[in-house]
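Below is model.txt, which holds compact mmCIF, N, CA and C atoms.
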# COMPACT_ATOMS: atom_id res chain seq x y z
N MET A 118 -212.61 -51.85 -21.29
CA MET A 118 -213.25 -53.12 -21.55
C MET A 118 -214.25 -52.93 -22.68
N ILE A 119 -214.53 -53.99 -23.36
CA ILE A 119 -215.47 -53.93 -24.48
C ILE A 119 -216.75 -54.65 -24.09
N ALA A 120 -217.86 -53.96 -24.22
CA ALA A 120 -219.15 -54.61 -23.99
C ALA A 120 -219.38 -55.61 -25.11
N LEU A 121 -219.65 -56.84 -24.75
CA LEU A 121 -219.74 -57.91 -25.73
C LEU A 121 -221.11 -58.07 -26.34
N ALA A 122 -222.14 -57.83 -25.57
CA ALA A 122 -223.46 -58.13 -26.11
C ALA A 122 -224.55 -57.43 -25.32
N GLY A 123 -225.66 -57.32 -25.96
CA GLY A 123 -226.86 -56.83 -25.34
C GLY A 123 -227.85 -57.98 -25.27
N PRO A 124 -229.12 -57.67 -25.26
CA PRO A 124 -230.13 -58.71 -25.11
C PRO A 124 -230.07 -59.81 -26.17
N ASP A 125 -229.64 -59.49 -27.39
CA ASP A 125 -229.61 -60.53 -28.42
C ASP A 125 -228.20 -60.99 -28.77
N GLU A 126 -227.20 -60.57 -28.00
CA GLU A 126 -225.80 -60.92 -28.19
C GLU A 126 -225.27 -60.54 -29.57
N ARG A 127 -225.87 -59.57 -30.20
CA ARG A 127 -225.37 -59.06 -31.48
C ARG A 127 -225.09 -57.57 -31.38
N ARG A 128 -225.06 -57.04 -30.20
CA ARG A 128 -224.85 -55.61 -29.97
C ARG A 128 -223.48 -55.20 -30.51
N GLU A 129 -223.43 -54.04 -31.08
CA GLU A 129 -222.15 -53.49 -31.53
C GLU A 129 -221.24 -53.30 -30.32
N GLU A 130 -219.96 -53.56 -30.51
CA GLU A 130 -219.01 -53.38 -29.43
C GLU A 130 -218.84 -51.90 -29.14
N PHE A 131 -218.70 -51.59 -27.86
CA PHE A 131 -218.36 -50.23 -27.46
C PHE A 131 -217.49 -50.31 -26.22
N GLN A 132 -216.65 -49.34 -26.07
CA GLN A 132 -215.70 -49.31 -24.97
C GLN A 132 -216.37 -48.82 -23.69
N ILE A 133 -215.98 -49.43 -22.58
CA ILE A 133 -216.35 -48.93 -21.27
C ILE A 133 -215.04 -48.62 -20.57
N THR A 134 -214.83 -47.38 -20.24
CA THR A 134 -213.58 -46.98 -19.61
C THR A 134 -213.52 -47.45 -18.17
N ARG A 135 -212.33 -47.45 -17.62
CA ARG A 135 -212.15 -47.83 -16.22
C ARG A 135 -212.98 -46.94 -15.31
N ASP A 136 -212.95 -45.63 -15.56
CA ASP A 136 -213.73 -44.71 -14.72
C ASP A 136 -215.22 -44.99 -14.82
N ALA A 137 -215.70 -45.26 -16.02
CA ALA A 137 -217.12 -45.56 -16.20
C ALA A 137 -217.49 -46.87 -15.51
N LEU A 138 -216.62 -47.86 -15.61
CA LEU A 138 -216.88 -49.13 -14.94
C LEU A 138 -216.96 -48.93 -13.43
N CYS A 139 -216.00 -48.23 -12.88
CA CYS A 139 -215.98 -48.01 -11.43
C CYS A 139 -217.17 -47.21 -10.94
N ALA A 140 -217.68 -46.33 -11.78
CA ALA A 140 -218.85 -45.53 -11.40
C ALA A 140 -220.14 -46.34 -11.45
N GLN A 141 -220.10 -47.53 -12.05
CA GLN A 141 -221.32 -48.31 -12.25
C GLN A 141 -221.37 -49.60 -11.44
N VAL A 142 -220.42 -49.79 -10.54
CA VAL A 142 -220.45 -50.95 -9.65
C VAL A 142 -220.59 -50.46 -8.22
N TYR A 143 -221.16 -51.30 -7.39
CA TYR A 143 -221.29 -50.91 -5.99
C TYR A 143 -221.19 -52.13 -5.09
N LEU A 144 -220.90 -51.87 -3.83
CA LEU A 144 -220.88 -52.90 -2.83
C LEU A 144 -221.33 -52.31 -1.51
N SER A 145 -221.77 -53.18 -0.62
CA SER A 145 -222.21 -52.73 0.69
C SER A 145 -221.96 -53.85 1.70
N THR A 146 -221.86 -53.47 2.95
CA THR A 146 -221.72 -54.45 4.03
C THR A 146 -222.24 -53.83 5.31
N GLY A 147 -222.65 -54.69 6.21
CA GLY A 147 -223.07 -54.22 7.52
C GLY A 147 -221.99 -54.42 8.56
N GLY A 148 -221.06 -55.34 8.32
CA GLY A 148 -220.05 -55.63 9.31
C GLY A 148 -218.77 -56.22 8.76
N GLY A 149 -218.67 -56.33 7.45
CA GLY A 149 -217.44 -56.82 6.84
C GLY A 149 -217.39 -58.31 6.58
N LEU A 150 -218.46 -59.04 6.95
CA LEU A 150 -218.51 -60.48 6.69
C LEU A 150 -219.52 -60.83 5.60
N GLU A 151 -220.60 -60.09 5.53
CA GLU A 151 -221.63 -60.31 4.51
C GLU A 151 -221.65 -59.08 3.61
N TRP A 152 -221.60 -59.33 2.31
CA TRP A 152 -221.44 -58.26 1.33
C TRP A 152 -222.53 -58.32 0.28
N GLY A 153 -222.95 -57.16 -0.15
CA GLY A 153 -223.84 -57.03 -1.29
C GLY A 153 -223.07 -56.40 -2.43
N PHE A 154 -223.28 -56.90 -3.64
CA PHE A 154 -222.59 -56.39 -4.83
C PHE A 154 -223.62 -56.15 -5.91
N GLY A 155 -223.37 -55.17 -6.75
CA GLY A 155 -224.27 -54.92 -7.86
C GLY A 155 -223.61 -54.06 -8.91
N PHE A 156 -224.37 -53.81 -9.97
CA PHE A 156 -223.87 -52.99 -11.06
C PHE A 156 -225.03 -52.44 -11.86
N ASP A 157 -224.73 -51.42 -12.65
CA ASP A 157 -225.72 -50.82 -13.54
C ASP A 157 -225.78 -51.61 -14.85
N ASP A 158 -226.78 -51.30 -15.67
CA ASP A 158 -227.04 -52.04 -16.91
C ASP A 158 -225.82 -52.17 -17.82
N GLU A 159 -225.08 -51.10 -17.98
CA GLU A 159 -223.96 -51.12 -18.92
C GLU A 159 -222.94 -52.20 -18.57
N VAL A 160 -222.73 -52.43 -17.29
CA VAL A 160 -221.80 -53.48 -16.87
C VAL A 160 -222.35 -54.85 -17.22
N GLY A 161 -223.66 -55.00 -17.20
CA GLY A 161 -224.27 -56.27 -17.57
C GLY A 161 -223.88 -56.72 -18.97
N PHE A 162 -223.66 -55.77 -19.88
CA PHE A 162 -223.24 -56.13 -21.23
C PHE A 162 -221.86 -56.76 -21.26
N LEU A 163 -221.07 -56.55 -20.20
CA LEU A 163 -219.74 -57.14 -20.11
C LEU A 163 -219.79 -58.60 -19.67
N VAL A 164 -220.78 -58.93 -18.85
CA VAL A 164 -220.70 -60.21 -18.14
C VAL A 164 -221.93 -61.09 -18.21
N GLN A 165 -223.06 -60.58 -18.66
CA GLN A 165 -224.28 -61.36 -18.60
C GLN A 165 -224.80 -61.70 -19.99
N PRO A 166 -224.68 -62.95 -20.35
CA PRO A 166 -225.26 -63.36 -21.63
C PRO A 166 -226.77 -63.38 -21.55
N SER A 167 -227.38 -63.45 -22.71
CA SER A 167 -228.83 -63.58 -22.74
C SER A 167 -229.25 -64.82 -21.96
N ARG A 168 -230.38 -64.76 -21.38
CA ARG A 168 -230.88 -65.87 -20.56
C ARG A 168 -230.85 -67.17 -21.35
N GLY A 169 -230.23 -68.17 -20.77
CA GLY A 169 -230.23 -69.50 -21.37
C GLY A 169 -229.13 -69.77 -22.37
N SER A 170 -228.39 -68.75 -22.81
CA SER A 170 -227.38 -68.99 -23.82
C SER A 170 -226.12 -69.65 -23.24
N ILE A 171 -225.87 -69.46 -21.95
CA ILE A 171 -224.77 -70.12 -21.26
C ILE A 171 -225.37 -70.70 -19.99
N PRO A 172 -225.25 -71.99 -19.79
CA PRO A 172 -225.95 -72.62 -18.67
C PRO A 172 -225.43 -72.25 -17.29
N GLU A 173 -224.19 -71.77 -17.19
CA GLU A 173 -223.65 -71.43 -15.88
C GLU A 173 -223.70 -69.92 -15.65
N ASP A 174 -223.68 -69.53 -14.40
CA ASP A 174 -223.67 -68.12 -14.02
C ASP A 174 -222.21 -67.69 -13.92
N LEU A 175 -221.69 -67.08 -14.97
CA LEU A 175 -220.28 -66.74 -15.04
C LEU A 175 -219.84 -65.82 -13.92
N LEU A 176 -220.64 -64.82 -13.61
CA LEU A 176 -220.23 -63.85 -12.59
C LEU A 176 -220.35 -64.44 -11.19
N GLU A 177 -221.39 -65.18 -10.92
CA GLU A 177 -221.49 -65.82 -9.60
C GLU A 177 -220.31 -66.76 -9.37
N ASN A 178 -219.96 -67.54 -10.39
CA ASN A 178 -218.82 -68.45 -10.27
C ASN A 178 -217.51 -67.69 -10.06
N ALA A 179 -217.33 -66.60 -10.79
CA ALA A 179 -216.10 -65.81 -10.66
C ALA A 179 -216.02 -65.16 -9.28
N LEU A 180 -217.14 -64.69 -8.76
CA LEU A 180 -217.14 -64.10 -7.43
C LEU A 180 -216.84 -65.17 -6.38
N ALA A 181 -217.46 -66.33 -6.50
CA ALA A 181 -217.24 -67.42 -5.54
C ALA A 181 -215.79 -67.89 -5.55
N ALA A 182 -215.09 -67.74 -6.67
CA ALA A 182 -213.70 -68.19 -6.79
C ALA A 182 -212.70 -67.19 -6.21
N GLN A 183 -213.14 -66.01 -5.83
CA GLN A 183 -212.23 -65.01 -5.28
C GLN A 183 -211.70 -65.45 -3.92
N PRO A 184 -210.46 -65.12 -3.61
CA PRO A 184 -209.87 -65.51 -2.32
C PRO A 184 -210.69 -64.95 -1.14
N GLY A 185 -210.91 -65.81 -0.16
CA GLY A 185 -211.61 -65.38 1.05
C GLY A 185 -213.12 -65.41 0.97
N ILE A 186 -213.68 -65.70 -0.20
CA ILE A 186 -215.14 -65.77 -0.34
C ILE A 186 -215.59 -67.18 0.03
N GLU A 187 -216.45 -67.28 1.03
CA GLU A 187 -216.97 -68.59 1.43
C GLU A 187 -218.16 -69.02 0.57
N SER A 188 -219.01 -68.07 0.21
CA SER A 188 -220.17 -68.39 -0.63
C SER A 188 -220.58 -67.14 -1.39
N ALA A 189 -221.19 -67.37 -2.53
CA ALA A 189 -221.70 -66.27 -3.35
C ALA A 189 -223.02 -66.70 -3.96
N VAL A 190 -223.96 -65.77 -4.02
CA VAL A 190 -225.29 -66.04 -4.56
C VAL A 190 -225.70 -64.89 -5.47
N HIS A 191 -226.18 -65.23 -6.63
CA HIS A 191 -226.74 -64.26 -7.58
C HIS A 191 -228.25 -64.28 -7.35
N TYR A 192 -228.76 -63.33 -6.58
CA TYR A 192 -230.15 -63.42 -6.16
C TYR A 192 -231.11 -62.56 -6.97
N ASP A 193 -230.61 -61.67 -7.77
CA ASP A 193 -231.46 -60.85 -8.63
C ASP A 193 -230.62 -60.47 -9.84
N ARG A 194 -231.26 -59.95 -10.86
CA ARG A 194 -230.60 -59.70 -12.15
C ARG A 194 -229.21 -59.07 -12.03
N GLU A 195 -229.08 -58.03 -11.24
CA GLU A 195 -227.81 -57.32 -11.12
C GLU A 195 -227.33 -57.26 -9.68
N SER A 196 -227.76 -58.20 -8.86
CA SER A 196 -227.45 -58.17 -7.44
C SER A 196 -226.91 -59.52 -6.96
N PHE A 197 -225.88 -59.43 -6.15
CA PHE A 197 -225.19 -60.60 -5.63
C PHE A 197 -224.94 -60.42 -4.14
N GLU A 198 -224.81 -61.53 -3.44
CA GLU A 198 -224.39 -61.51 -2.05
C GLU A 198 -223.24 -62.48 -1.89
N ALA A 199 -222.33 -62.15 -0.98
CA ALA A 199 -221.23 -63.05 -0.68
C ALA A 199 -220.94 -62.98 0.81
N LYS A 200 -220.40 -64.09 1.32
CA LYS A 200 -219.97 -64.17 2.71
C LYS A 200 -218.49 -64.46 2.72
N THR A 201 -217.81 -63.84 3.67
CA THR A 201 -216.37 -64.05 3.82
C THR A 201 -216.10 -64.71 5.17
N ALA A 202 -214.95 -65.38 5.26
CA ALA A 202 -214.57 -66.06 6.49
C ALA A 202 -214.04 -65.06 7.53
N GLN A 203 -213.46 -63.98 7.04
CA GLN A 203 -212.89 -62.95 7.92
C GLN A 203 -213.46 -61.60 7.53
N VAL A 204 -213.42 -60.68 8.47
CA VAL A 204 -213.83 -59.31 8.17
C VAL A 204 -212.88 -58.76 7.12
N ARG A 205 -213.45 -58.14 6.10
CA ARG A 205 -212.67 -57.57 4.99
C ARG A 205 -212.95 -56.09 4.88
N ARG A 206 -211.97 -55.36 4.35
CA ARG A 206 -212.13 -53.92 4.09
C ARG A 206 -212.89 -53.73 2.78
N ALA A 207 -213.55 -52.60 2.67
CA ALA A 207 -214.34 -52.31 1.47
C ALA A 207 -213.46 -52.21 0.23
N ASP A 208 -212.28 -51.59 0.34
CA ASP A 208 -211.42 -51.47 -0.85
C ASP A 208 -210.94 -52.84 -1.32
N GLU A 209 -210.68 -53.74 -0.40
CA GLU A 209 -210.28 -55.09 -0.77
C GLU A 209 -211.42 -55.82 -1.48
N MET A 210 -212.62 -55.67 -0.97
CA MET A 210 -213.77 -56.35 -1.59
C MET A 210 -214.13 -55.73 -2.93
N LEU A 211 -213.95 -54.41 -3.06
CA LEU A 211 -214.18 -53.79 -4.37
C LEU A 211 -213.20 -54.35 -5.39
N ALA A 212 -211.95 -54.52 -5.00
CA ALA A 212 -210.95 -55.10 -5.91
C ALA A 212 -211.35 -56.51 -6.31
N ARG A 213 -211.86 -57.28 -5.37
CA ARG A 213 -212.29 -58.66 -5.70
C ARG A 213 -213.51 -58.65 -6.60
N TRP A 214 -214.42 -57.71 -6.39
CA TRP A 214 -215.60 -57.59 -7.23
C TRP A 214 -215.18 -57.25 -8.66
N LEU A 215 -214.26 -56.29 -8.80
CA LEU A 215 -213.78 -55.93 -10.14
C LEU A 215 -213.03 -57.09 -10.79
N ASP A 216 -212.25 -57.84 -10.01
CA ASP A 216 -211.57 -59.02 -10.55
C ASP A 216 -212.59 -60.05 -11.04
N ALA A 217 -213.67 -60.25 -10.28
CA ALA A 217 -214.70 -61.20 -10.68
C ALA A 217 -215.38 -60.75 -11.97
N ILE A 218 -215.65 -59.45 -12.08
CA ILE A 218 -216.27 -58.92 -13.31
C ILE A 218 -215.36 -59.17 -14.50
N LEU A 219 -214.07 -58.92 -14.35
CA LEU A 219 -213.14 -59.15 -15.46
C LEU A 219 -213.05 -60.63 -15.81
N ALA A 220 -213.00 -61.50 -14.81
CA ALA A 220 -212.94 -62.95 -15.07
C ALA A 220 -214.20 -63.42 -15.81
N ALA A 221 -215.36 -62.94 -15.38
CA ALA A 221 -216.61 -63.33 -16.05
C ALA A 221 -216.66 -62.77 -17.47
N HIS A 222 -216.16 -61.56 -17.65
CA HIS A 222 -216.11 -60.94 -18.97
C HIS A 222 -215.26 -61.78 -19.92
N ARG A 223 -214.10 -62.22 -19.45
CA ARG A 223 -213.23 -63.04 -20.28
C ARG A 223 -213.87 -64.40 -20.59
N ALA A 224 -214.53 -65.00 -19.61
CA ALA A 224 -215.21 -66.28 -19.84
C ALA A 224 -216.33 -66.12 -20.85
N TYR A 225 -217.05 -65.04 -20.77
CA TYR A 225 -218.14 -64.75 -21.71
C TYR A 225 -217.58 -64.60 -23.12
N ALA A 226 -216.47 -63.88 -23.25
CA ALA A 226 -215.85 -63.69 -24.57
C ALA A 226 -215.40 -65.03 -25.15
N ARG A 227 -214.81 -65.88 -24.30
CA ARG A 227 -214.39 -67.21 -24.78
C ARG A 227 -215.59 -68.00 -25.29
N HIS A 228 -216.70 -67.93 -24.56
CA HIS A 228 -217.90 -68.65 -24.97
C HIS A 228 -218.39 -68.17 -26.34
N LEU A 229 -218.28 -66.86 -26.58
CA LEU A 229 -218.71 -66.31 -27.86
C LEU A 229 -217.67 -66.49 -28.96
N GLY A 230 -216.49 -67.03 -28.61
CA GLY A 230 -215.43 -67.20 -29.59
C GLY A 230 -214.80 -65.90 -30.00
N ARG A 231 -214.78 -64.94 -29.09
CA ARG A 231 -214.25 -63.62 -29.42
C ARG A 231 -212.94 -63.37 -28.70
N ASP A 232 -211.96 -62.88 -29.43
CA ASP A 232 -210.68 -62.52 -28.84
C ASP A 232 -210.76 -61.12 -28.28
N LEU A 233 -210.24 -60.95 -27.09
CA LEU A 233 -210.18 -59.63 -26.47
C LEU A 233 -208.77 -59.11 -26.59
N PRO A 234 -208.60 -57.80 -26.74
CA PRO A 234 -207.26 -57.23 -26.88
C PRO A 234 -206.56 -57.05 -25.54
N TYR A 235 -207.12 -57.59 -24.47
CA TYR A 235 -206.52 -57.46 -23.14
C TYR A 235 -206.67 -58.76 -22.37

Once you've parsed the file, please lay out its structure as structure tokens.
Amino acid sequence: MIALAGPDERREEFQITRDALCAQVYLSTGGGLEWGFGFDDEVGFLVQPSRGSIPEDLLENALAAQPGIESAVHYDRESFEAKTAQVRRADEMLARWLDAILAAHRAYARHLGRDLPY
């Protein structure tokens, strides 16, 4: 994946490999119905525009749109919570988190008018 922007949305593009992406995201749960999601700074360059440049929360919307997610909240800069209707496995939720990150990344690129090679 290509990091699209930094704080001023003029950051030079750089590649983030699949392994690096997976090493920088996390999730947690206490019982499989309520989930915490987060990521390190480098992932933020994929999905988070500068404050105010896009009125909607691309990643919160993408997470909320994932199958089985009843609600999603972006409660801190790099932290999200979601609730599911059924108990879910961690590997399934990690896949949904990564899908949400990719969907938000693509939406961010479209907003910037940038074509992605994937």

Measuring between only C-alpha atoms, which one of A:Gly155, A:Gly161, A:Tyr235, A:Leu215 shows the shortest distance to A:Asp193? A:Gly155

Could you name the residues that touch A:His222 at 7 Å or less, counting only N, CA and C atoms, but leaving out those on the same chain fewer than 4 positions away, as a VMD selection string? chain A and resid 163 to 165 175 to 176 217 to 218 226 to 227

Mind checking which residues fall within 5 Å of stretch 177-189 of chain A, counting only N, CA and C atoms, ignoring those fewer than 4 positions away in the same chain, and posting them as a list in words?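 So, after excluding close chain neighbours, the residues are Glu198, Ala199, Lys200, Thr201, Ala202 and Ala217 of chain A.
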
d(atom N of A:Asp208, atom C of A:Asp136) in Å: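 Atom C of A:Asp136 lies 16.8 Å from atom N of A:Asp208.
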
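Atom pair atom CA of A:Phe156 / atom C of A:Glu195: separated by 5.7 Å.
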
Can you measure atom CA of A:Gly153 to atom CA of A:Leu229 for me? One decimal in Å is fine.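 Interatomic distance, atom CA of A:Gly153 to atom CA of A:Leu229: 28.6 Å.
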
List every residue of stretch 165-210 of chain A that DSSP, applied to the backbone of this structure, assigns to helix (DSSP H, G or I), and report them as a PyMOL selection string. chain A and resi 175-181+207-210

Counting only N, CA and C atoms, which residue out of A:Glu159, A:Leu150, A:Leu219, A:Tyr192 sits closest to A:Arg206? A:Leu150

Of the candidates A:His191, A:Ala207, A:Phe162, A:Ile171, which shows the shortest atom-to-atom distance to A:Leu144, using all atoms listed in the file? A:Ala207

Considering only strand (DSSP E or B) as DSSP defines it on the backbone, what residues of chain A qualify? List them as number ranges by chain. A: 119-120, 131-132, 142-146, 151-156, 186-193, 196-201

First collect every listed atom of stretch 182-185 of chain A; then fit an axis-aligned box around them, widen it by 8 Å on each side, and give centre and edge lengths in Å to one decimal, as lines of an AutoDock Vina configuration file.
center_x = -212.5
center_y = -66.6
center_z = -2.9
size_x = 21.2
size_y = 19.2
size_z = 23.8
